[in-house]
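Working notes for the structure below.
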Amino acid sequence: MKGKGGSVGPALDSIVGSKSEEFFIQKLKNPQFNNPSSPMPKMPLNGAEIDALLDYLKNL
């Protein structure tokens with residue numbers, strides 16, 4: 001957060017603004033859609049959880 005990525009991922013502060021809400025949602029549903037070699041695992045998130053993550057990241 002605050003412009004810094006973690007040890008296993010990128011900074012997410014501006015991911016929604018720089019990509020789009022649709023990109024973010026698609027990435028959570030299918031992490032390899034834009035990069036087949038992405039190490040990001042598919043997480044068992046439901047729609048409400050994805051919406052909560054989206055709202056949180058939009059308001060950083």
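Starting from 1 in every chain, residues are counted up; chains themselves are A, B, ... following the order of the structure tokens, and ligands are numbered from 1 as listed.
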Next on the checklist: Env of range 15-17 of chain A: 10 Å cut, atoms = only C-alpha atoms, seq-sep filter 3 positions within chain, self excluded. Answer as a count of residues only.
Outcome noted: 14
Checklist entry - Among chain A, which residues carry a DSSP assignment of alpha helix (DSSP H), reported as an MDAnalysis selection string? => result chainID A and resid 15:18 21:29 47:58
Next on the checklist: For a test of reading the model, state the distance in Å between CA of Asp13 in chain A and CA of Gln26 in chain A, rounded to one decimal.
Outcome noted: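 Between CA of Asp13 in chain A and CA of Gln26 in chain A the gap works out to 17.5 Å.
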Next on the checklist: Can you pull out the residues contacting Met43 in chain A? Cut-off 10 Å, using only C-alpha atoms, and skip same-chain residues under 6 positions away; I want them as a ChimeraX atom specification.
Outcome noted: /A:28-31
Checklist entry - Which polymer residues have any atom within 12 Å of an atom of Val8 in chain A, counting only C-alpha atoms, with same-chain residues fewer than 6 positions away left out, as a list in words? => result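 Result of the neighbour search: Ser38, Pro39, Met40 and Pro41 of chain A.
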Take the residues from that selection and put them in a file with N, CA, C and O atoms, as a PDB file, in the first residue's frame.
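Resulting contents of again12.pdb:
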```
ATOM      1  N   SER A  38       1.106 -15.835 -15.270  1.00  0.00           N
ATOM      2  CA  SER A  38       0.954 -15.141 -13.989  1.00  0.00           C
ATOM      3  C   SER A  38       0.906 -16.145 -12.831  1.00  0.00           C
ATOM      4  O   SER A  38       0.162 -17.116 -12.880  1.00  0.00           O
ATOM      5  N   PRO A  39       1.691 -15.906 -11.783  1.00  0.00           N
ATOM      6  CA  PRO A  39       1.665 -16.811 -10.635  1.00  0.00           C
ATOM      7  C   PRO A  39       0.486 -16.572  -9.681  1.00  0.00           C
ATOM      8  O   PRO A  39       0.293 -17.310  -8.736  1.00  0.00           O
ATOM      9  N   MET A  40      -0.312 -15.531  -9.969  1.00  0.00           N
ATOM     10  CA  MET A  40      -1.440 -15.228  -9.085  1.00  0.00           C
ATOM     11  C   MET A  40      -2.432 -16.387  -9.091  1.00  0.00           C
ATOM     12  O   MET A  40      -2.894 -16.813 -10.147  1.00  0.00           O
ATOM     13  N   PRO A  41      -2.765 -16.906  -7.920  1.00  0.00           N
ATOM     14  CA  PRO A  41      -3.720 -18.015  -7.863  1.00  0.00           C
ATOM     15  C   PRO A  41      -5.156 -17.531  -8.032  1.00  0.00           C
ATOM     16  O   PRO A  41      -5.479 -16.377  -7.742  1.00  0.00           O
TER      17      PRO A  41
END
```
Next on the checklist: Please compute the CA of Lys27 in chain A-CA of Ser14 in chain A distance, one decimal, in Å.
Outcome noted: 14.7 Å
